[in-house]
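S.K.: One file: final-v9.txt (compact mmCIF, C-alpha atoms and all ligand atoms).
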# COMPACT_ATOMS: atom_id res chain seq x y z
CA SER A 1 -14.54 -23.17 5.01
CA THR A 2 -17.25 -21.00 6.61
CA ASP A 3 -15.86 -22.14 9.98
CA LYS A 4 -12.37 -21.21 8.84
CA ILE A 5 -13.53 -17.74 7.82
CA THR A 6 -15.42 -17.19 11.06
CA GLU A 7 -12.32 -18.21 12.99
CA LEU A 8 -10.10 -15.82 11.01
CA GLN A 9 -12.66 -13.04 11.41
CA GLU A 10 -12.63 -13.39 15.19
CA LYS A 11 -8.85 -13.46 15.23
CA LEU A 12 -8.62 -10.43 12.94
CA PHE A 13 -10.52 -8.18 15.34
CA SER A 14 -8.62 -9.30 18.45
CA THR A 15 -5.02 -9.97 17.40
CA LYS A 16 -2.02 -7.65 17.64
CA LYS A 17 -0.61 -9.15 14.42
CA PRO A 18 -3.36 -8.82 11.86
CA LEU A 19 -1.20 -8.77 8.70
CA PRO A 20 -0.91 -12.54 8.06
CA ILE A 21 -4.63 -13.00 8.73
CA ILE A 22 -5.46 -10.29 6.21
CA SER A 23 -3.33 -11.95 3.53
CA GLU A 24 -4.99 -15.29 4.23
CA LEU A 25 -8.49 -13.79 4.06
CA GLY A 26 -7.50 -12.16 0.77
CA SER A 27 -6.84 -15.60 -0.70
CA LEU A 28 -10.12 -17.21 0.43
CA GLY A 29 -12.47 -15.82 -2.21
CA GLU A 30 -15.61 -13.77 -1.78
CA ASP A 31 -16.33 -14.67 1.87
CA GLY A 32 -12.81 -13.69 2.90
CA LEU A 33 -13.08 -10.43 1.01
CA ASP A 34 -16.39 -9.65 2.74
CA VAL A 35 -14.57 -9.88 6.07
CA LEU A 36 -11.91 -7.50 4.78
CA MET A 37 -14.61 -5.01 3.74
CA SER A 38 -16.10 -5.08 7.24
CA PHE A 39 -12.58 -4.63 8.64
CA LEU A 40 -12.14 -1.52 6.47
CA GLU A 41 -15.55 -0.16 7.48
CA LYS A 42 -14.53 -0.42 11.11
CA GLU A 43 -10.86 0.58 10.97
CA GLY A 44 -10.52 2.48 7.67
CA ASP A 45 -10.41 5.93 9.27
CA ARG A 46 -7.26 5.01 11.24
CA PRO A 47 -4.61 4.16 8.64
CA THR A 48 -2.20 1.38 9.67
CA PRO A 49 -0.26 -1.23 7.68
CA ALA A 50 -3.12 -3.68 8.39
CA VAL A 51 -5.70 -1.31 6.95
CA GLY A 52 -3.44 -0.66 3.95
CA GLU A 53 -2.97 -4.37 3.35
CA ALA A 54 -6.73 -4.99 3.52
CA TYR A 55 -7.29 -2.14 1.04
CA ILE A 56 -4.71 -3.62 -1.37
CA GLU A 57 -6.15 -7.16 -1.14
CA LEU A 58 -9.57 -5.75 -1.97
CA TYR A 59 -8.26 -3.48 -4.71
CA LEU A 60 -6.35 -6.31 -6.40
CA ALA A 61 -9.38 -8.64 -6.26
CA LYS A 62 -10.82 -6.60 -9.16
CA SER A 63 -14.43 -7.46 -8.38
CA PRO A 64 -17.10 -4.94 -9.53
CA LYS A 65 -18.93 -5.13 -6.19
CA ILE A 66 -15.75 -4.45 -4.22
CA GLY A 67 -14.68 -1.75 -6.68
CA GLU A 68 -17.94 0.05 -5.93
CA PHE A 69 -17.44 -0.34 -2.19
CA LEU A 70 -13.94 1.13 -2.37
CA GLN A 71 -15.00 3.93 -4.71
CA GLU A 72 -17.86 4.86 -2.40
CA ASN A 73 -16.01 4.68 0.94
CA PHE A 74 -12.36 5.28 0.07
CA PRO A 75 -12.21 7.12 -3.28
CA GLU A 76 -8.69 8.34 -2.51
CA GLY A 77 -7.46 5.25 -0.68
CA ILE A 78 -6.99 5.06 3.08
CA ILE A 79 -4.41 7.82 3.58
CA PRO A 80 -5.65 11.42 3.70
CA LEU A 81 -3.56 13.04 0.94
CA LYS A 82 -2.87 16.27 2.85
CA SER A 83 -0.54 18.90 1.39
CA GLU A 84 0.32 22.44 2.47
CA ARG A 85 1.56 23.21 -1.06
CA ASN A 86 -1.36 21.89 -3.04
CA ILE A 87 0.58 18.88 -4.29
CA ASP A 88 -1.34 15.86 -5.58
CA TYR A 89 0.00 12.69 -3.99
CA SER A 90 -2.58 10.37 -5.59
CA PRO A 91 -0.11 9.07 -8.24
CA ILE A 92 2.07 7.66 -5.43
CA GLN A 93 -0.99 6.07 -3.83
CA GLN A 94 -2.01 4.58 -7.20
CA ALA A 95 1.43 3.03 -7.77
CA LEU A 96 1.72 1.65 -4.23
CA VAL A 97 -1.68 -0.08 -4.17
CA GLN A 98 -0.64 -1.88 -7.34
CA ARG A 99 2.66 -2.77 -5.64
CA LYS A 100 4.59 -0.90 -8.35
CA PHE A 101 7.37 0.10 -5.99
CA GLN A 102 9.86 1.33 -8.57
CA GLU A 103 7.30 3.67 -10.09
CA ALA A 104 6.24 4.84 -6.62
CA ASP A 105 9.89 5.57 -5.83
CA ARG A 106 10.34 7.71 -8.96
CA LEU A 107 7.13 9.58 -8.15
CA THR A 108 8.28 10.17 -4.57
CA LEU A 109 11.46 11.85 -5.87
CA LEU A 110 9.40 13.85 -8.38
CA LYS A 111 7.04 15.03 -5.64
CA ARG A 112 9.99 16.02 -3.42
CA CYS A 113 11.26 18.16 -6.33
CA GLU A 114 7.76 19.64 -6.76
CA LEU A 115 7.71 20.43 -3.06
CA ALA A 116 11.12 22.13 -3.31
CA GLY A 117 9.93 24.37 -6.14
CA GLU A 118 10.46 25.34 -9.77
CA GLN A 119 14.27 25.27 -9.69
CA ALA A 120 14.42 21.81 -8.14
CA MET A 121 11.95 20.56 -10.77
CA GLN A 122 14.36 21.78 -13.47
CA ARG A 123 17.52 20.40 -11.83
CA LYS A 124 15.75 17.14 -10.78
CA TRP A 125 17.47 16.95 -7.42
CA ILE A 126 17.13 18.74 -4.11
CA TYR A 127 19.34 20.89 -1.88
CA PHE A 128 19.39 20.01 1.81
CA THR A 129 18.25 23.57 2.59
CA GLU A 130 15.12 22.92 0.55
CA VAL A 131 14.39 19.76 2.55
CA GLU A 132 14.61 21.75 5.78
CA ASN A 133 11.75 23.91 4.49
CA PHE A 134 9.46 21.02 3.51
CA PRO A 135 6.14 21.20 5.41
CA SER A 136 5.79 18.35 7.92
CA THR A 137 2.29 17.68 6.59
CA ASP A 138 3.59 16.75 3.15
CA LEU A 139 6.46 14.57 4.40
CA LYS A 140 4.07 12.73 6.69
CA THR A 141 1.64 12.13 3.84
CA MET A 142 4.39 10.54 1.71
CA ASP A 143 5.67 8.57 4.70
CA GLN A 144 2.22 7.24 5.61
CA LEU A 145 1.60 6.16 2.02
CA TRP A 146 4.82 4.14 1.98
CA TYR A 147 4.38 2.79 5.50
CA CYS A 148 0.74 1.72 5.27
CA TYR A 149 0.97 0.26 1.77
CA SER A 150 4.10 -1.85 2.48
CA GLN A 151 3.06 -3.94 5.50
CA GLY A 152 4.99 -1.39 7.59
CA LYS A 153 8.34 -2.09 5.89
CA PHE A 154 9.04 1.10 3.96
CA GLY A 155 9.00 4.87 4.51
CA PHE A 156 11.20 7.71 5.74
CA SER A 157 10.12 7.21 9.36
CA VAL A 158 11.14 3.54 9.16
CA GLN A 159 14.56 4.60 7.85
CA ARG A 160 14.81 7.17 10.65
CA LYS A 161 14.03 4.59 13.34
CA ILE A 162 16.79 2.31 12.06
CA TRP A 163 19.19 5.26 11.74
CA LEU A 164 18.49 6.27 15.37
CA SER A 165 18.96 2.67 16.52
CA LEU A 166 22.40 2.69 14.82
CA GLY A 167 23.54 5.83 16.66
CA GLN A 168 22.79 8.09 13.63
CA ASP A 169 25.57 6.42 11.65
CA PHE A 170 24.85 6.74 7.91
CA PRO A 171 27.31 4.10 6.62
CA LYS A 172 25.83 1.56 9.04
CA LEU A 173 22.33 2.52 7.88
CA TRP A 174 23.22 2.08 4.21
CA THR A 175 24.47 -1.44 4.87
CA LYS A 176 21.47 -2.30 7.04
CA ILE A 177 18.89 -1.20 4.46
CA GLY A 178 20.70 -2.73 1.49
CA TRP A 179 22.06 0.45 -0.11
CA LYS A 180 25.65 -0.73 0.28
CA LYS A 181 27.39 -4.15 0.45
CA GLY A 182 30.87 -3.94 1.91
CA ASN A 183 32.55 -1.17 -0.06
CA LEU A 184 30.15 -1.40 -3.00
CA TRP A 185 27.20 0.91 -3.53
CA THR A 186 24.04 -0.82 -4.71
CA ARG A 187 23.61 0.25 -8.35
CA TYR A 188 20.48 2.09 -9.44
CA PRO A 189 18.05 0.76 -10.58
CA ASN A 190 18.70 -2.93 -11.15
CA GLU A 191 20.48 -3.89 -7.94
CA PHE A 192 17.74 -2.49 -5.72
CA ILE A 193 14.91 -4.80 -4.64
CA TRP A 194 11.57 -3.53 -5.87
CA ASP A 195 9.24 -5.70 -3.79
CA LEU A 196 8.37 -6.61 -0.21
CA ASN A 197 11.30 -9.05 -0.01
CA ALA A 198 13.62 -6.05 0.34
CA PRO A 199 15.22 -5.30 3.71
CA VAL A 200 13.12 -3.18 6.07
CA GLY A 201 13.74 0.51 5.24
CA HIS A 202 15.06 -0.23 1.71
CA LEU A 203 12.59 2.20 0.07
CA PRO A 204 12.08 4.99 -0.82
CA LEU A 205 15.58 5.71 -2.15
CA SER A 206 17.65 8.84 -1.59
CA ASN A 207 20.51 9.17 -4.07
CA GLN A 208 23.83 9.84 -2.29
CA LEU A 209 25.63 11.01 -5.44
CA ARG A 210 25.83 14.62 -4.20
CA GLY A 211 26.60 13.72 -0.61
CA VAL A 212 24.66 12.81 2.48
CA ARG A 213 23.37 16.25 3.47
CA GLU A 214 20.02 16.03 1.70
CA PHE A 215 19.24 12.63 3.26
CA ALA A 216 20.54 13.87 6.63
CA SER A 217 18.08 16.79 6.44
CA LEU A 218 15.30 14.35 5.72
CA MET A 219 16.24 12.11 8.67
CA ASN A 220 16.52 15.17 10.95
CA HIS A 221 13.30 16.84 9.82
CA PRO A 222 10.97 18.08 12.62
CA ALA A 223 8.11 16.08 11.03
CA TRP A 224 9.35 12.88 12.69
CA LYS A 225 10.11 14.41 16.08
CA GLU A 226 6.49 15.53 16.59
CA SER A 227 5.11 11.99 16.39
CA GLU A 228 7.90 10.53 18.56
CA LYS A 229 6.97 12.75 21.52
N1 LIG A 301 22.02 5.21 -5.88
O1 LIG A 301 24.08 4.27 -5.38
N2 LIG A 301 23.20 7.42 -9.03
C1 LIG A 301 20.18 7.44 -8.92
C2 LIG A 301 20.88 5.42 -5.19
C3 LIG A 301 25.16 7.03 -5.09
C4 LIG A 301 24.47 7.59 -9.38
C5 LIG A 301 18.77 7.59 -8.80
C6 LIG A 301 21.04 4.95 -3.85
C7 LIG A 301 26.56 6.54 -5.08
C8 LIG A 301 24.50 8.14 -10.72
C9 LIG A 301 18.45 7.08 -7.56
C10 LIG A 301 22.30 4.45 -3.80
C11 LIG A 301 26.87 6.61 -6.52
C12 LIG A 301 23.17 8.31 -11.11
C13 LIG A 301 19.63 6.61 -6.97
C14 LIG A 301 22.92 4.62 -5.09
C15 LIG A 301 25.69 7.06 -7.23
C16 LIG A 301 22.39 7.85 -10.03
C17 LIG A 301 17.84 8.18 -9.82
C18 LIG A 301 23.01 3.82 -2.63
C19 LIG A 301 28.09 6.27 -7.13
C20 LIG A 301 22.65 8.83 -12.43
C21 LIG A 301 17.29 9.49 -9.35
C22 LIG A 301 23.34 4.85 -1.61
C23 LIG A 301 29.24 5.68 -6.41
C24 LIG A 301 21.88 10.12 -12.28
C25 LIG A 301 18.36 10.54 -9.28
C26 LIG A 301 22.73 11.36 -12.17
C27 LIG A 301 20.97 7.85 -10.02
C28 LIG A 301 19.71 6.01 -5.69
C29 LIG A 301 25.64 7.25 -8.61
C30 LIG A 301 17.08 7.03 -6.92
C31 LIG A 301 20.02 4.97 -2.76
C32 LIG A 301 27.38 7.46 -4.21
C33 LIG A 301 25.73 8.45 -11.51
N3 LIG A 301 20.67 6.82 -7.83
N4 LIG A 301 24.72 7.28 -6.33
O2 LIG A 301 18.61 11.03 -8.16
O3 LIG A 301 22.30 12.29 -11.44
O4 LIG A 301 18.91 10.87 -10.32
O5 LIG A 301 23.78 11.45 -12.81
O6 LIG A 301 24.48 7.13 -4.09
Now that the file is in, can you turn its structure into structure tokens?
Ligand code: UYC
M.R.:
Amino acid sequence: STDKITELQEKLFSTKKPLPIISELGSLGEDGLDVLMSFLEKEGDRPTPAVGEAYIELYLAKSPKIGEFLQENFPEGIIPLKSERNIDYSPIQQALVQRKFQEADRLTLLKRCELAGEQAMQRKWIYFTEVENFPSTDLKTMDQLWYCYSQGKFGFSVQRKIWLSLGQDFPKLWTKIGWKKGNLWTRYPNEFIWDLNAPVGHLPLSNQLRGVREFASLMNHPAWKESEK
């Protein structure tokens, strides 16, 4: 077992596909978790899905020693919760590390309303013109939270990549990410898949009840173009 752990440790620091190794180490008890802590010490300042997965494995282990390590080194998780409008994104981070995806989705809509301002908070939905004025910093924070705490499956930038690959065709995107089956819309909330078995890009949701323009503004936001350069 020590041999096994040493082997996984070596692989972890050299492979291009660390995610399965991290999950395996997470299931191998204290010695495996020690490797994950050293992985976080080394890589924790560069958030990736691998770093997020290691953080979650450690967080869910619920050991006092590990709790102290996380509290000391990553009190706010592994994503810097930057906001240009003084918005607190820690509730989304809290939900995601516990893999409570439905709650994280509700919070992500709530925070988008907060970002849009007082009127959007009252009406509980967002105009596309408000999305255009969202600071890139805040959108990227929400996107990184979803991306890094979902093994790279979820997030606005993931949805955008798929949308671009489909020639910016929204109906094709909805089918691809499980928001529509044939002519039928997926019904909120029970028909959506609230775990990592969902199709890539399934979450977070954008309600299409008032048309596609809000989601189109999100997909077209300058935030994503900067990092694609
Ligand atoms: N809902 O169908 N949706 C709601 C989605 C549509 C509808 C919330 C997503 C189609 C109604 C979320 C899809 C449609 C409500 C989503 C989807 C429709 C509602 C809660 C696939 C009918 C009640 C947050 C594209 C044909 C609320 C919110 C209301 C809620 C998400 C109906 C997250 C991704 C066109 C009646 N749907 N939604 O926004 O406002 O309220 O009346 O997209």
S.K.: Please provide the set of residues having any atom within 12 Å of Asn86 in chain A, restricted to only C-alpha atoms, with same-chain residues fewer than 2 positions apart removed, written as a PyMOL selection string.
M.R.: chain A and resi 81-84+88-90+111+114-115+117+135+137-138
S.K.: Pick out the residues sitting within 12 Å of range 58-75 of chain A, and hand them over as a ChimeraX atom specification; count all atoms listed in the file, and ignore anything fewer than 2 positions along from it in its own chain.
M.R.: /A:22-23,25-45,47,51-56,77-81,90,93-94,96-99,149
S.K.: List all protein, DNA and RNA residues that have any atom at most 12 Å from ligand LIG 301 (chain A), counting all atoms listed in the file, and write the list as a PDB file with C-alpha atoms, in the coordinates of the input.
M.R.:
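What ended up in pocket-v1.pdb:
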ATOM      1  CA  PHE A 101       7.370   0.100  -5.990  1.00  0.00           C
ATOM      2  CA  GLN A 102       9.860   1.330  -8.570  1.00  0.00           C
ATOM      3  CA  GLU A 103       7.300   3.670 -10.090  1.00  0.00           C
ATOM      4  CA  ALA A 104       6.240   4.840  -6.620  1.00  0.00           C
ATOM      5  CA  ASP A 105       9.890   5.570  -5.830  1.00  0.00           C
ATOM      6  CA  ARG A 106      10.340   7.710  -8.960  1.00  0.00           C
ATOM      7  CA  LEU A 107       7.130   9.580  -8.150  1.00  0.00           C
ATOM      8  CA  THR A 108       8.280  10.170  -4.570  1.00  0.00           C
ATOM      9  CA  LEU A 109      11.460  11.850  -5.870  1.00  0.00           C
ATOM     10  CA  LEU A 110       9.400  13.850  -8.380  1.00  0.00           C
ATOM     11  CA  ARG A 112       9.990  16.020  -3.420  1.00  0.00           C
ATOM     12  CA  CYS A 113      11.260  18.160  -6.330  1.00  0.00           C
ATOM     13  CA  ALA A 120      14.420  21.810  -8.140  1.00  0.00           C
ATOM     14  CA  MET A 121      11.950  20.560 -10.770  1.00  0.00           C
ATOM     15  CA  ARG A 123      17.520  20.400 -11.830  1.00  0.00           C
ATOM     16  CA  LYS A 124      15.750  17.140 -10.780  1.00  0.00           C
ATOM     17  CA  TRP A 125      17.470  16.950  -7.420  1.00  0.00           C
ATOM     18  CA  ILE A 126      17.130  18.740  -4.110  1.00  0.00           C
ATOM     19  CA  TYR A 127      19.340  20.890  -1.880  1.00  0.00           C
ATOM     20  CA  GLN A 159      14.560   4.600   7.850  1.00  0.00           C
ATOM     21  CA  PHE A 170      24.850   6.740   7.910  1.00  0.00           C
ATOM     22  CA  PRO A 171      27.310   4.100   6.620  1.00  0.00           C
ATOM     23  CA  LYS A 172      25.830   1.560   9.040  1.00  0.00           C
ATOM     24  CA  LEU A 173      22.330   2.520   7.880  1.00  0.00           C
ATOM     25  CA  TRP A 174      23.220   2.080   4.210  1.00  0.00           C
ATOM     26  CA  THR A 175      24.470  -1.440   4.870  1.00  0.00           C
ATOM     27  CA  LYS A 176      21.470  -2.300   7.040  1.00  0.00           C
ATOM     28  CA  ILE A 177      18.890  -1.200   4.460  1.00  0.00           C
ATOM     29  CA  GLY A 178      20.700  -2.730   1.490  1.00  0.00           C
ATOM     30  CA  TRP A 179      22.060   0.450  -0.110  1.00  0.00           C
ATOM     31  CA  LYS A 180      25.650  -0.730   0.280  1.00  0.00           C
ATOM     32  CA  LYS A 181      27.390  -4.150   0.450  1.00  0.00           C
ATOM     33  CA  GLY A 182      30.870  -3.940   1.910  1.00  0.00           C
ATOM     34  CA  ASN A 183      32.550  -1.170  -0.060  1.00  0.00           C
ATOM     35  CA  LEU A 184      30.150  -1.400  -3.000  1.00  0.00           C
ATOM     36  CA  TRP A 185      27.200   0.910  -3.530  1.00  0.00           C
ATOM     37  CA  THR A 186      24.040  -0.820  -4.710  1.00  0.00           C
ATOM     38  CA  ARG A 187      23.610   0.250  -8.350  1.00  0.00           C
ATOM     39  CA  TYR A 188      20.480   2.090  -9.440  1.00  0.00           C
ATOM     40  CA  PRO A 189      18.050   0.760 -10.580  1.00  0.00           C
ATOM     41  CA  ASN A 190      18.700  -2.930 -11.150  1.00  0.00           C
ATOM     42  CA  GLU A 191      20.480  -3.890  -7.940  1.00  0.00           C
ATOM     43  CA  PHE A 192      17.740  -2.490  -5.720  1.00  0.00           C
ATOM     44  CA  ILE A 193      14.910  -4.800  -4.640  1.00  0.00           C
ATOM     45  CA  TRP A 194      11.570  -3.530  -5.870  1.00  0.00           C
ATOM     46  CA  GLY A 201      13.740   0.510   5.240  1.00  0.00           C
ATOM     47  CA  HIS A 202      15.060  -0.230   1.710  1.00  0.00           C
ATOM     48  CA  LEU A 203      12.590   2.200   0.070  1.00  0.00           C
ATOM     49  CA  PRO A 204      12.080   4.990  -0.820  1.00  0.00           C
ATOM     50  CA  LEU A 205      15.580   5.710  -2.150  1.00  0.00           C
ATOM     51  CA  SER A 206      17.650   8.840  -1.590  1.00  0.00           C
ATOM     52  CA  ASN A 207      20.510   9.170  -4.070  1.00  0.00           C
ATOM     53  CA  GLN A 208      23.830   9.840  -2.290  1.00  0.00           C
ATOM     54  CA  LEU A 209      25.630  11.010  -5.440  1.00  0.00           C
ATOM     55  CA  ARG A 210      25.830  14.620  -4.200  1.00  0.00           C
ATOM     56  CA  GLY A 211      26.600  13.720  -0.610  1.00  0.00           C
ATOM     57  CA  VAL A 212      24.660  12.810   2.480  1.00  0.00           C
ATOM     58  CA  ARG A 213      23.370  16.250   3.470  1.00  0.00           C
ATOM     59  CA  GLU A 214      20.020  16.030   1.700  1.00  0.00           C
ATOM     60  CA  PHE A 215      19.240  12.630   3.260  1.00  0.00           C
TER      61      PHE A 215
END
S.K.: Of the candidates A:Asp3, A:Asp195, A:Asp169, A:Glu118, which shows the shortest atom-to-atom distance to Lys153 in chain A, using all atoms listed in the file?
M.R.: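 Once distances to Lys153 in chain A are computed over all atoms listed in the file, the minimum belongs to A:Asp195.
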S.K.: Which is closer to Lys225 in chain A than all the others in A:Gln151, A:Lys140, A:Ser14, A:Leu145, using all atoms listed in the file?
M.R.: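 Ranking A:Gln151, A:Lys140, A:Ser14, A:Leu145 by distance to Lys225 in chain A, first place goes to A:Lys140.
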S.K.: Missing atoms in range 97-112 of chain A: fill them in up to N, CA, C and O atoms and send the result as an mmCIF file, in the frame of the given file.
M.R.:
data_model
loop_
_atom_site.group_PDB
_atom_site.id
_atom_site.type_symbol
_atom_site.label_atom_id
_atom_site.label_comp_id
_atom_site.auth_asym_id
_atom_site.auth_seq_id
_atom_site.Cartn_x
_atom_site.Cartn_y
_atom_site.Cartn_z
ATOM 1 N N VAL A 97 -0.630 0.941 -4.338
ATOM 2 C CA VAL A 97 -1.680 -0.080 -4.170
ATOM 3 C C VAL A 97 -1.560 -1.156 -5.246
ATOM 4 O O VAL A 97 -2.048 -2.268 -5.066
ATOM 5 N N GLN A 98 -0.886 -0.840 -6.326
ATOM 6 C CA GLN A 98 -0.640 -1.880 -7.340
ATOM 7 C C GLN A 98 0.719 -2.553 -7.130
ATOM 8 O O GLN A 98 1.181 -3.306 -7.966
ATOM 9 N N ARG A 99 1.352 -2.220 -5.990
ATOM 10 C CA ARG A 99 2.660 -2.770 -5.640
ATOM 11 C C ARG A 99 3.719 -2.484 -6.708
ATOM 12 O O ARG A 99 4.604 -3.298 -6.958
ATOM 13 N N LYS A 100 3.571 -1.329 -7.380
ATOM 14 C CA LYS A 100 4.590 -0.900 -8.350
ATOM 15 C C LYS A 100 5.578 -0.003 -7.632
ATOM 16 O O LYS A 100 5.505 1.234 -7.697
ATOM 17 N N PHE A 101 6.519 -0.652 -6.903
ATOM 18 C CA PHE A 101 7.370 0.100 -5.990
ATOM 19 C C PHE A 101 8.392 0.977 -6.715
ATOM 20 O O PHE A 101 8.743 2.053 -6.240
ATOM 21 N N GLN A 102 8.875 0.513 -7.867
ATOM 22 C CA GLN A 102 9.860 1.330 -8.570
ATOM 23 C C GLN A 102 9.222 2.621 -9.085
ATOM 24 O O GLN A 102 9.802 3.708 -8.964
ATOM 25 N N GLU A 103 8.014 2.481 -9.634
ATOM 26 C CA GLU A 103 7.300 3.670 -10.090
ATOM 27 C C GLU A 103 6.989 4.591 -8.914
ATOM 28 O O GLU A 103 7.161 5.814 -8.998
ATOM 29 N N ALA A 104 6.553 4.023 -7.807
ATOM 30 C CA ALA A 104 6.240 4.840 -6.620
ATOM 31 C C ALA A 104 7.487 5.583 -6.144
ATOM 32 O O ALA A 104 7.410 6.738 -5.711
ATOM 33 N N ASP A 105 8.638 4.940 -6.250
ATOM 34 C CA ASP A 105 9.890 5.570 -5.830
ATOM 35 C C ASP A 105 10.235 6.769 -6.713
ATOM 36 O O ASP A 105 10.596 7.835 -6.222
ATOM 37 N N ARG A 106 10.090 6.587 -8.035
ATOM 38 C CA ARG A 106 10.340 7.710 -8.960
ATOM 39 C C ARG A 106 9.401 8.871 -8.661
ATOM 40 O O ARG A 106 9.795 10.032 -8.653
ATOM 41 N N LEU A 107 8.121 8.535 -8.422
ATOM 42 C CA LEU A 107 7.130 9.580 -8.150
ATOM 43 C C LEU A 107 7.435 10.303 -6.842
ATOM 44 O O LEU A 107 7.201 11.502 -6.714
ATOM 45 N N THR A 108 7.984 9.574 -5.875
ATOM 46 C CA THR A 108 8.280 10.170 -4.570
ATOM 47 C C THR A 108 9.435 11.171 -4.701
ATOM 48 O O THR A 108 9.438 12.223 -4.047
ATOM 49 N N LEU A 109 10.402 10.871 -5.585
ATOM 50 C CA LEU A 109 11.460 11.850 -5.870
ATOM 51 C C LEU A 109 10.886 13.051 -6.624
ATOM 52 O O LEU A 109 11.174 14.211 -6.285
ATOM 53 N N LEU A 110 10.037 12.770 -7.610
ATOM 54 C CA LEU A 110 9.400 13.850 -8.380
ATOM 55 C C LEU A 110 8.609 14.788 -7.472
ATOM 56 O O LEU A 110 8.699 16.015 -7.583
ATOM 57 N N LYS A 111 7.851 14.212 -6.541
ATOM 58 C CA LYS A 111 7.040 15.030 -5.640
ATOM 59 C C LYS A 111 7.912 15.818 -4.668
ATOM 60 O O LYS A 111 7.566 16.927 -4.270
ATOM 61 N N ARG A 112 9.067 15.257 -4.276
ATOM 62 C CA ARG A 112 9.990 16.020 -3.420
ATOM 63 C C ARG A 112 10.526 17.230 -4.202
ATOM 64 O O ARG A 112 10.671 18.316 -3.649
#
